[in-house]
$ cat final.pdb   # PDB, C-alpha atoms
ATOM      1  CA  MET A   1      10.293 -17.390 -26.070  1.00  0.00           C
ATOM      2  CA  THR A   2      13.078 -14.979 -26.946  1.00  0.00           C
ATOM      3  CA  THR A   3      13.279 -11.687 -28.801  1.00  0.00           C
ATOM      4  CA  LYS A   4      14.553 -13.680 -31.801  1.00  0.00           C
ATOM      5  CA  THR A   5      11.220 -15.464 -32.195  1.00  0.00           C
ATOM      6  CA  ALA A   6       9.509 -14.289 -35.396  1.00  0.00           C
ATOM      7  CA  VAL A   7       6.146 -14.036 -33.638  1.00  0.00           C
ATOM      8  CA  GLY A   8       6.414 -12.804 -30.085  1.00  0.00           C
ATOM      9  CA  ARG A   9       9.025 -10.055 -30.117  1.00  0.00           C
ATOM     10  CA  TRP A  10       6.674  -7.285 -29.064  1.00  0.00           C
ATOM     11  CA  THR A  11       4.998  -9.497 -26.463  1.00  0.00           C
ATOM     12  CA  PHE A  12       8.344 -10.519 -24.984  1.00  0.00           C
ATOM     13  CA  LEU A  13       9.430  -6.899 -24.597  1.00  0.00           C
ATOM     14  CA  GLY A  14       5.973  -5.889 -23.363  1.00  0.00           C
ATOM     15  CA  VAL A  15       6.110  -8.489 -20.595  1.00  0.00           C
ATOM     16  CA  GLN A  16       9.514  -7.164 -19.580  1.00  0.00           C
ATOM     17  CA  ILE A  17       8.103  -3.648 -19.383  1.00  0.00           C
ATOM     18  CA  LEU A  18       5.236  -4.829 -17.172  1.00  0.00           C
ATOM     19  CA  GLU A  19       7.524  -6.776 -14.859  1.00  0.00           C
ATOM     20  CA  ASP A  20       9.840  -3.791 -14.499  1.00  0.00           C
ATOM     21  CA  LEU A  21       6.846  -1.487 -14.032  1.00  0.00           C
ATOM     22  CA  ILE A  22       5.448  -3.378 -11.069  1.00  0.00           C
ATOM     23  CA  GLU A  23       8.832  -3.653  -9.399  1.00  0.00           C
ATOM     24  CA  ARG A  24       9.653   0.024  -9.966  1.00  0.00           C
ATOM     25  CA  GLU A  25       6.271   1.679  -9.436  1.00  0.00           C
ATOM     26  CA  ALA A  26       4.514  -0.485  -6.822  1.00  0.00           C
ATOM     27  CA  ASP A  27       4.907   2.132  -4.081  1.00  0.00           C
ATOM     28  CA  HIS A  28       3.612   4.907  -6.344  1.00  0.00           C
ATOM     29  CA  ILE A  29       0.628   2.797  -7.409  1.00  0.00           C
ATOM     30  CA  GLU A  30      -0.151   2.208  -3.735  1.00  0.00           C
ATOM     31  CA  GLN A  31       0.060   5.949  -3.022  1.00  0.00           C
ATOM     32  CA  VAL A  32      -2.290   6.747  -5.905  1.00  0.00           C
ATOM     33  CA  SER A  33      -4.720   4.063  -4.764  1.00  0.00           C
ATOM     34  CA  GLN A  34      -4.774   5.531  -1.267  1.00  0.00           C
ATOM     35  CA  LEU A  35      -5.520   8.975  -2.706  1.00  0.00           C
ATOM     36  CA  ALA A  36      -8.264   7.512  -4.892  1.00  0.00           C
ATOM     37  CA  ALA A  37      -9.833   5.626  -1.996  1.00  0.00           C
ATOM     38  CA  ASP A  38      -9.820   8.779   0.126  1.00  0.00           C
ATOM     39  CA  ALA A  39     -11.474  10.807  -2.630  1.00  0.00           C
ATOM     40  CA  ILE A  40     -14.101   8.241  -3.633  1.00  0.00           C
ATOM     41  CA  GLY A  41     -14.779   7.144  -0.071  1.00  0.00           C
ATOM     42  CA  ASN A  42     -15.571  10.743   0.858  1.00  0.00           C
ATOM     43  CA  GLY A  43     -17.941  11.287  -2.041  1.00  0.00           C
ATOM     44  CA  GLY A  44     -15.446  12.777  -4.461  1.00  0.00           C
ATOM     45  CA  VAL A  45     -13.936  11.658  -7.746  1.00  0.00           C
ATOM     46  CA  VAL A  46     -10.704  10.809  -9.443  1.00  0.00           C
ATOM     47  CA  HIS A  47     -10.523  12.750 -12.704  1.00  0.00           C
ATOM     48  CA  MET A  48      -8.858  10.783 -15.512  1.00  0.00           C
ATOM     49  CA  PHE A  49      -7.517  12.925 -18.359  1.00  0.00           C
ATOM     50  CA  GLY A  50      -5.767  11.866 -21.524  1.00  0.00           C
ATOM     51  CA  THR A  51      -5.309  13.069 -25.085  1.00  0.00           C
ATOM     52  CA  GLY A  52      -4.457  11.076 -28.179  1.00  0.00           C
ATOM     53  CA  HIS A  53      -4.147   7.357 -27.637  1.00  0.00           C
ATOM     54  CA  SER A  54      -3.967   7.921 -23.874  1.00  0.00           C
ATOM     55  CA  ARG A  55      -7.759   8.019 -23.950  1.00  0.00           C
ATOM     56  CA  MET A  56      -7.698   4.205 -24.037  1.00  0.00           C
ATOM     57  CA  ALA A  57      -6.355   4.047 -20.489  1.00  0.00           C
ATOM     58  CA  VAL A  58      -8.976   6.584 -19.397  1.00  0.00           C
ATOM     59  CA  GLU A  59     -11.753   4.452 -20.867  1.00  0.00           C
ATOM     60  CA  GLU A  60     -10.505   1.452 -18.880  1.00  0.00           C
ATOM     61  CA  MET A  61     -11.587   3.129 -15.679  1.00  0.00           C
ATOM     62  CA  PHE A  62     -15.280   3.817 -16.334  1.00  0.00           C
ATOM     63  CA  PRO A  63     -17.662   2.736 -17.695  1.00  0.00           C
ATOM     64  CA  ARG A  64     -16.946  -0.898 -18.516  1.00  0.00           C
ATOM     65  CA  TYR A  65     -17.308  -4.333 -16.960  1.00  0.00           C
ATOM     66  CA  GLY A  66     -15.208  -4.574 -13.843  1.00  0.00           C
ATOM     67  CA  SER A  67     -15.345  -0.835 -13.177  1.00  0.00           C
ATOM     68  CA  TYR A  68     -17.239   1.284 -10.682  1.00  0.00           C
ATOM     69  CA  PRO A  69     -18.253   4.927 -10.123  1.00  0.00           C
ATOM     70  CA  GLY A  70     -15.787   7.435  -8.733  1.00  0.00           C
ATOM     71  CA  PHE A  71     -13.430   7.616 -11.691  1.00  0.00           C
ATOM     72  CA  HIS A  72     -14.411  10.549 -13.911  1.00  0.00           C
ATOM     73  CA  PRO A  73     -13.297  10.195 -17.556  1.00  0.00           C
ATOM     74  CA  LEU A  74     -12.210  13.501 -19.098  1.00  0.00           C
ATOM     75  CA  VAL A  75     -11.698  12.958 -22.819  1.00  0.00           C
ATOM     76  CA  GLU A  76     -12.104  15.593 -25.510  1.00  0.00           C
ATOM     77  CA  LEU A  77     -13.069  14.126 -28.883  1.00  0.00           C
ATOM     78  CA  SER A  78     -11.285  16.954 -30.668  1.00  0.00           C
ATOM     79  CA  MET A  79      -7.967  15.617 -29.379  1.00  0.00           C
ATOM     80  CA  THR A  80      -8.622  11.889 -29.490  1.00  0.00           C
ATOM     81  CA  ASN A  81     -10.588  11.085 -32.643  1.00  0.00           C
ATOM     82  CA  HIS A  82      -7.816   9.464 -34.675  1.00  0.00           C
ATOM     83  CA  THR A  83      -9.783   6.966 -36.730  1.00  0.00           C
ATOM     84  CA  GLN A  84     -10.758   9.388 -39.511  1.00  0.00           C
ATOM     85  CA  VAL A  85      -7.067  10.251 -39.977  1.00  0.00           C
ATOM     86  CA  THR A  86      -7.568  12.849 -42.743  1.00  0.00           C
ATOM     87  CA  GLY A  87     -10.313  15.273 -43.684  1.00  0.00           C
ATOM     88  CA  ALA A  88     -12.765  16.706 -41.170  1.00  0.00           C
ATOM     89  CA  ASN A  89     -11.901  15.696 -37.595  1.00  0.00           C
ATOM     90  CA  GLY A  90      -8.578  14.356 -38.834  1.00  0.00           C
ATOM     91  CA  GLN A  91      -5.318  13.607 -37.113  1.00  0.00           C
ATOM     92  CA  ARG A  92      -3.692  16.900 -38.048  1.00  0.00           C
ATOM     93  CA  GLN A  93      -6.387  18.854 -36.235  1.00  0.00           C
ATOM     94  CA  ALA A  94      -6.204  16.654 -33.137  1.00  0.00           C
ATOM     95  CA  MET A  95      -2.445  17.033 -32.890  1.00  0.00           C
ATOM     96  CA  PHE A  96      -2.724  20.785 -33.398  1.00  0.00           C
ATOM     97  CA  ILE A  97      -5.410  21.288 -30.757  1.00  0.00           C
ATOM     98  CA  GLU A  98      -3.532  19.449 -28.005  1.00  0.00           C
ATOM     99  CA  ARG A  99      -0.727  21.973 -28.457  1.00  0.00           C
ATOM    100  CA  VAL A 100      -2.975  25.027 -27.986  1.00  0.00           C
ATOM    101  CA  GLU A 101      -2.310  26.870 -24.733  1.00  0.00           C
ATOM    102  CA  GLY A 102      -5.422  27.991 -22.902  1.00  0.00           C
ATOM    103  CA  PHE A 103      -7.597  25.109 -24.096  1.00  0.00           C
ATOM    104  CA  ALA A 104      -7.143  23.215 -20.817  1.00  0.00           C
ATOM    105  CA  LYS A 105      -8.644  26.140 -18.911  1.00  0.00           C
ATOM    106  CA  VAL A 106     -11.697  26.046 -21.174  1.00  0.00           C
ATOM    107  CA  ILE A 107     -12.102  22.299 -20.597  1.00  0.00           C
ATOM    108  CA  LEU A 108     -11.848  22.556 -16.818  1.00  0.00           C
ATOM    109  CA  SER A 109     -14.140  25.596 -16.673  1.00  0.00           C
ATOM    110  CA  ASN A 110     -16.997  23.109 -17.016  1.00  0.00           C
ATOM    111  CA  PHE A 111     -16.257  21.648 -13.600  1.00  0.00           C
ATOM    112  CA  HIS A 112     -15.827  22.632  -9.988  1.00  0.00           C
ATOM    113  CA  LEU A 113     -12.202  21.937  -9.120  1.00  0.00           C
ATOM    114  CA  ARG A 114     -12.137  20.657  -5.553  1.00  0.00           C
ATOM    115  CA  PRO A 115      -9.017  19.951  -3.492  1.00  0.00           C
ATOM    116  CA  THR A 116     -10.713  16.818  -2.165  1.00  0.00           C
ATOM    117  CA  ASP A 117     -10.657  15.236  -5.631  1.00  0.00           C
ATOM    118  CA  VAL A 118      -7.677  13.788  -7.530  1.00  0.00           C
ATOM    119  CA  MET A 119      -6.411  14.494 -11.046  1.00  0.00           C
ATOM    120  CA  VAL A 120      -4.688  11.748 -13.038  1.00  0.00           C
ATOM    121  CA  VAL A 121      -3.135  12.919 -16.327  1.00  0.00           C
ATOM    122  CA  ILE A 122      -1.972  10.298 -18.824  1.00  0.00           C
ATOM    123  CA  SER A 123       0.460  11.321 -21.545  1.00  0.00           C
ATOM    124  CA  HIS A 124       3.315   9.226 -22.890  1.00  0.00           C
ATOM    125  CA  GLY A 125       5.232  12.271 -24.100  1.00  0.00           C
ATOM    126  CA  GLY A 126       4.095  14.644 -21.390  1.00  0.00           C
ATOM    127  CA  VAL A 127       5.200  17.813 -23.179  1.00  0.00           C
ATOM    128  CA  THR A 128       2.188  19.085 -25.139  1.00  0.00           C
ATOM    129  CA  ALA A 129       0.351  22.126 -23.833  1.00  0.00           C
ATOM    130  CA  VAL A 130      -3.037  20.692 -22.869  1.00  0.00           C
ATOM    131  CA  PRO A 131      -1.893  17.851 -20.559  1.00  0.00           C
ATOM    132  CA  VAL A 132       0.693  20.168 -19.007  1.00  0.00           C
ATOM    133  CA  GLU A 133      -1.889  22.874 -18.320  1.00  0.00           C
ATOM    134  CA  ILE A 134      -4.470  20.402 -17.011  1.00  0.00           C
ATOM    135  CA  SER A 135      -1.965  19.377 -14.354  1.00  0.00           C
ATOM    136  CA  MET A 136      -1.010  22.989 -13.631  1.00  0.00           C
ATOM    137  CA  LEU A 137      -4.620  24.056 -13.143  1.00  0.00           C
ATOM    138  CA  ALA A 138      -5.525  21.047 -11.017  1.00  0.00           C
ATOM    139  CA  ARG A 139      -2.538  21.644  -8.787  1.00  0.00           C
ATOM    140  CA  ALA A 140      -3.391  25.341  -8.481  1.00  0.00           C
ATOM    141  CA  ALA A 141      -6.830  24.271  -7.255  1.00  0.00           C
ATOM    142  CA  GLY A 142      -5.179  22.266  -4.473  1.00  0.00           C
ATOM    143  CA  MET A 143      -5.831  18.893  -6.053  1.00  0.00           C
ATOM    144  CA  PRO A 144      -3.274  16.061  -5.859  1.00  0.00           C
ATOM    145  CA  VAL A 145      -1.936  15.460  -9.374  1.00  0.00           C
ATOM    146  CA  VAL A 146      -0.727  12.117 -10.700  1.00  0.00           C
ATOM    147  CA  ALA A 147       1.185  11.846 -13.981  1.00  0.00           C
ATOM    148  CA  LEU A 148       1.463   8.668 -16.036  1.00  0.00           C
ATOM    149  CA  THR A 149       4.221   9.327 -18.538  1.00  0.00           C
ATOM    150  CA  SER A 150       7.403   7.955 -20.054  1.00  0.00           C
ATOM    151  CA  VAL A 151      10.153   9.755 -18.195  1.00  0.00           C
ATOM    152  CA  ALA A 152      12.762   8.777 -20.792  1.00  0.00           C
ATOM    153  CA  HIS A 153      10.711  10.074 -23.696  1.00  0.00           C
ATOM    154  CA  SER A 154       9.588  13.203 -21.883  1.00  0.00           C
ATOM    155  CA  MET A 155      13.126  14.194 -20.910  1.00  0.00           C
ATOM    156  CA  ALA A 156      14.367  13.575 -24.449  1.00  0.00           C
ATOM    157  CA  THR A 157      11.682  15.814 -25.955  1.00  0.00           C
ATOM    158  CA  THR A 158      11.605  19.608 -26.063  1.00  0.00           C
ATOM    159  CA  PRO A 159       8.727  20.980 -23.959  1.00  0.00           C
ATOM    160  CA  GLY A 160       5.898  22.315 -26.078  1.00  0.00           C
ATOM    161  CA  HIS A 161       4.547  24.682 -23.431  1.00  0.00           C
ATOM    162  CA  SER A 162       5.769  28.271 -23.208  1.00  0.00           C
ATOM    163  CA  SER A 163       6.707  27.721 -19.553  1.00  0.00           C
ATOM    164  CA  GLY A 164       9.354  25.249 -20.660  1.00  0.00           C
ATOM    165  CA  THR A 165       7.942  22.671 -18.268  1.00  0.00           C
ATOM    166  CA  ARG A 166       6.721  19.118 -18.689  1.00  0.00           C
ATOM    167  CA  LEU A 167       3.782  17.201 -17.229  1.00  0.00           C
ATOM    168  CA  LEU A 168       6.041  15.522 -14.701  1.00  0.00           C
ATOM    169  CA  ASP A 169       7.072  18.945 -13.358  1.00  0.00           C
ATOM    170  CA  HIS A 170       3.526  19.552 -12.124  1.00  0.00           C
ATOM    171  CA  ALA A 171       2.730  16.175 -10.567  1.00  0.00           C
ATOM    172  CA  ASP A 172       2.801  15.144  -6.931  1.00  0.00           C
ATOM    173  CA  ILE A 173       3.265  11.533  -8.004  1.00  0.00           C
ATOM    174  CA  VAL A 174       4.913  10.449 -11.262  1.00  0.00           C
ATOM    175  CA  ILE A 175       4.407   6.905 -12.507  1.00  0.00           C
ATOM    176  CA  ASP A 176       6.967   6.113 -15.177  1.00  0.00           C
ATOM    177  CA  LEU A 177       5.406   3.999 -17.923  1.00  0.00           C
ATOM    178  CA  GLY A 178       8.868   2.656 -18.663  1.00  0.00           C
ATOM    179  CA  THR A 179       8.543   2.872 -22.420  1.00  0.00           C
ATOM    180  CA  PRO A 180      11.509   4.019 -24.516  1.00  0.00           C
ATOM    181  CA  VAL A 181      12.080   7.243 -26.390  1.00  0.00           C
ATOM    182  CA  GLY A 182       9.709   7.120 -29.341  1.00  0.00           C
ATOM    183  CA  ASP A 183       7.480   4.547 -27.564  1.00  0.00           C
ATOM    184  CA  SER A 184       7.900   1.718 -30.107  1.00  0.00           C
ATOM    185  CA  LEU A 185       9.570  -1.427 -28.788  1.00  0.00           C
ATOM    186  CA  VAL A 186      10.874  -3.521 -31.669  1.00  0.00           C
ATOM    187  CA  GLN A 187      13.690  -2.684 -34.059  1.00  0.00           C
ATOM    188  CA  LEU A 188      13.519  -4.819 -37.212  1.00  0.00           C
ATOM    189  CA  GLU A 189      16.185  -5.364 -39.786  1.00  0.00           C
ATOM    190  CA  GLY A 190      15.274  -3.434 -42.921  1.00  0.00           C
ATOM    191  CA  LEU A 191      13.179  -0.836 -41.070  1.00  0.00           C
ATOM    192  CA  GLU A 192      14.694   2.556 -40.347  1.00  0.00           C
ATOM    193  CA  THR A 193      12.736   3.087 -37.129  1.00  0.00           C
ATOM    194  CA  PRO A 194      11.194   0.837 -34.424  1.00  0.00           C
ATOM    195  CA  VAL A 195       7.650  -0.520 -34.642  1.00  0.00           C
ATOM    196  CA  GLY A 196       5.059  -1.549 -32.052  1.00  0.00           C
ATOM    197  CA  PRO A 197       4.278   1.091 -29.374  1.00  0.00           C
ATOM    198  CA  GLY A 198       4.118  -0.034 -25.752  1.00  0.00           C
ATOM    199  CA  SER A 199       2.711   2.902 -23.767  1.00  0.00           C
ATOM    200  CA  THR A 200      -0.905   1.750 -23.966  1.00  0.00           C
ATOM    201  CA  LEU A 201       0.066  -1.607 -22.486  1.00  0.00           C
ATOM    202  CA  SER A 202       1.790  -0.078 -19.472  1.00  0.00           C
ATOM    203  CA  ALA A 203      -0.790   2.693 -18.961  1.00  0.00           C
ATOM    204  CA  VAL A 204      -3.677   0.216 -18.999  1.00  0.00           C
ATOM    205  CA  ALA A 205      -1.811  -1.992 -16.536  1.00  0.00           C
ATOM    206  CA  VAL A 206      -1.252   0.920 -14.153  1.00  0.00           C
ATOM    207  CA  VAL A 207      -4.829   2.170 -14.146  1.00  0.00           C
ATOM    208  CA  ASN A 208      -6.269  -1.295 -13.629  1.00  0.00           C
ATOM    209  CA  GLU A 209      -3.881  -1.917 -10.742  1.00  0.00           C
ATOM    210  CA  VAL A 210      -5.119   1.345  -9.246  1.00  0.00           C
ATOM    211  CA  LYS A 211      -8.736   0.356  -9.866  1.00  0.00           C
ATOM    212  CA  VAL A 212      -8.350  -3.011  -8.141  1.00  0.00           C
ATOM    213  CA  ARG A 213      -6.311  -1.739  -5.185  1.00  0.00           C
ATOM    214  CA  THR A 214      -8.684   1.187  -4.674  1.00  0.00           C
ATOM    215  CA  ALA A 215     -11.632  -1.212  -4.578  1.00  0.00           C
ATOM    216  CA  GLU A 216      -9.805  -3.302  -1.990  1.00  0.00           C
ATOM    217  CA  LEU A 217      -9.192  -0.231   0.170  1.00  0.00           C
ATOM    218  CA  LEU A 218     -12.795   0.938  -0.171  1.00  0.00           C
ATOM    219  CA  VAL A 219     -14.189  -2.446   0.849  1.00  0.00           C
ATOM    220  CA  ALA A 220     -11.892  -2.487   3.886  1.00  0.00           C
ATOM    221  CA  ARG A 221     -13.360   0.880   4.888  1.00  0.00           C
ATOM    222  CA  GLY A 222     -16.941  -0.333   4.490  1.00  0.00           C
ATOM    223  CA  HIS A 223     -17.511   1.540   1.236  1.00  0.00           C
ATOM    224  CA  VAL A 224     -18.406  -1.261  -1.165  1.00  0.00           C
ATOM    225  CA  PRO A 225     -18.293  -0.013  -4.783  1.00  0.00           C
ATOM    226  CA  THR A 226     -20.981  -0.895  -7.306  1.00  0.00           C
ATOM    227  CA  VAL A 227     -19.064  -2.907  -9.893  1.00  0.00           C
ATOM    228  CA  MET A 228     -20.540  -3.099 -13.379  1.00  0.00           C
ATOM    229  CA  THR A 229     -20.703  -6.841 -14.087  1.00  0.00           C
ATOM    230  CA  SER A 230     -21.590  -8.996 -17.072  1.00  0.00           C
ATOM    231  CA  SER A 231     -24.793 -11.008 -17.108  1.00  0.00           C
ATOM    232  CA  ALA A 232     -22.598 -14.034 -17.813  1.00  0.00           C
ATOM    233  CA  VAL A 233     -21.325 -13.705 -14.244  1.00  0.00           C
ATOM    234  CA  VAL A 234     -24.359 -12.568 -12.221  1.00  0.00           C
ATOM    235  CA  GLY A 235     -27.339 -13.123 -14.515  1.00  0.00           C
ATOM    236  CA  ALA A 236     -29.265 -10.639 -16.613  1.00  0.00           C
ATOM    237  CA  GLU A 237     -31.398  -9.184 -13.823  1.00  0.00           C
ATOM    238  CA  ARG A 238     -28.556  -8.529 -11.396  1.00  0.00           C
ATOM    239  CA  SER A 239     -26.337  -7.204 -14.193  1.00  0.00           C
ATOM    240  CA  ALA A 240     -29.038  -4.687 -15.161  1.00  0.00           C
ATOM    241  CA  GLU A 241     -29.412  -3.654 -11.523  1.00  0.00           C
ATOM    242  CA  LEU A 242     -25.678  -3.040 -11.183  1.00  0.00           C
ATOM    243  CA  PHE A 243     -25.550  -1.031 -14.413  1.00  0.00           C
ATOM    244  CA  THR A 244     -28.488   1.125 -13.332  1.00  0.00           C
ATOM    245  CA  ALA A 245     -27.016   1.720  -9.893  1.00  0.00           C
ATOM    246  CA  ALA A 246     -23.569   2.537 -11.290  1.00  0.00           C
ATOM    247  CA  TYR A 247     -24.934   4.998 -13.841  1.00  0.00           C
ATOM    248  CA  ALA A 248     -27.097   6.642 -11.192  1.00  0.00           C
ATOM    249  CA  GLU A 249     -24.137   7.040  -8.859  1.00  0.00           C
ATOM    250  CA  HIS A 250     -21.960   8.419 -11.645  1.00  0.00           C
ATOM    251  CA  GLY A 251     -24.699  10.893 -12.531  1.00  0.00           C
ATOM    252  CA  ARG A 252     -24.950  12.011  -8.925  1.00  0.00           C
ATOM    253  CA  LEU A 253     -21.205  12.537  -8.695  1.00  0.00           C
ATOM    254  CA  LEU A 254     -21.109  14.389 -12.009  1.00  0.00           C
ATOM    255  CA  ALA A 255     -23.995  16.665 -11.030  1.00  0.00           C
ATOM    256  CA  ALA A 256     -21.933  17.932  -8.106  1.00  0.00           C
ATOM    257  CA  LEU A 257     -19.005  18.641 -10.442  1.00  0.00           C
ATOM    258  CA  ILE A 258     -20.658  20.549 -13.252  1.00  0.00           C
ATOM    259  CA  GLY A 259     -19.737  24.213 -13.171  1.00  0.00           C
TER     260      GLY A 259
END
$ encode --input "final.pdb" --output "structure tokens"
Amino acid sequence: MTTKTAVGRWTFLGVQILEDLIEREADHIEQVSQLAADAIGNGGVVHMFGTGHSRMAVEEMFPRYGSYPGFHPLVELSMTNHTQVTGANGQRQAMFIERVEGFAKVILSNFHLRPTDVMVVISHGGVTAVPVEISMLARAAGMPVVALTSVAHSMATTPGHSSGTRLLDHADIVIDLGTPVGDSLVQLEGLETPVGPGSTLSAVAVVNEVKVRTAELLVARGHVPTVMTSSAVVGAERSAELFTAAYAEHGRLLAALIG
């Protein structure tokens, strides 16, 4: 397959991005996994925050088959509900809200911010106010902060926060999603601008690598996670048991977080 193939251009470029990602970011993924294993193994959580389409990578972590408690999804519907597009709860409102300074503080006021937890912030652009302030507030609370962002796009974009800073300026570990300025991968003859965004592909790959490596580290430490598993794999009874146990553990972890 080549980029000249009529069907397969986006896939070809996406595979290249993933191959480059693993080669470039393997050490950072290992560092994040170690932080996550420390937090979860000691009864804490890894907060996962994303606005816009970044919510898809957050939802990969919990709850779904192949996932386990310890990853805390932080997703605000007001900034991620894109399917209605126009009208009430439309795209214009979502894009406006994620640029409002001070909203991140309101979101995090619902939780106890503990230095023993970890904050992962996912934002391809990494310049809008809410993701930037989430990272600022988490860091101020003594929490390790991880940013998943496109460094190329972020550096080519004017910061939207009054501090003039970007998400990557407030992260202890930056994982570069490796996607280009503008995100879209394929330039077609006859189209003015590229088509086919790639940031979801790379973000989902990163978080699942973290999920798997963290599980491996936890098992090695004697902390075996409760993995939500399909009945097609373990049977209906065992699947129900794992779901119940995972939800109960998530509830216990969340109860300790609520402010």
$ residues_near_point --input "final.pdb" --point "(-0.6, 4.8, -25.4)" --cutoff "7 Å" --atoms "all atoms listed in the file" --output "number ranges by chain"
A: 53-54, 124, 198-200, 203
$ residues_around --input "final.pdb" --residues "range 116-121 of chain A" --least-positions-apart "5" --cutoff "7 Å" --atoms "all atoms listed in the file" --output "number ranges by chain"
A: 36, 39, 44-50, 131, 135, 138, 143-148
$ resolve_selection --input "final.pdb" --expression "the PyMOL selection byres ((chain A and resi 102-114) around 6)" --output "PyMOL selection string"
chain A and resi 101+115-117+130+133-134+257-259
$ write_last_selection --input "final.pdb" --atoms "C-alpha atoms" --output "CSV table (one decimal), in the frame of the given file"
chain,number,residue,atom,x,y,z
A,101,GLU,CA,-2.3,26.9,-24.7
A,115,PRO,CA,-9.0,20.0,-3.5
A,116,THR,CA,-10.7,16.8,-2.2
A,117,ASP,CA,-10.7,15.2,-5.6
A,130,VAL,CA,-3.0,20.7,-22.9
A,133,GLU,CA,-1.9,22.9,-18.3
A,134,ILE,CA,-4.5,20.4,-17.0
A,257,LEU,CA,-19.0,18.6,-10.4
A,258,ILE,CA,-20.7,20.5,-13.3
A,259,GLY,CA,-19.7,24.2,-13.2
$ atom_distance --input "final.pdb" --atom1 "CA of Gly66 in chain A" --atom2 "CA of Phe243 in chain A"
10.9 Å
$ residues_around --input "final.pdb" --residues "Ala152 in chain A" --least-positions-apart "2" --cutoff "7 Å" --atoms "all atoms listed in the file" --output "list in words"
Ser150, Ser154, Met155, Ala156, Pro180 and Val181 of chain A
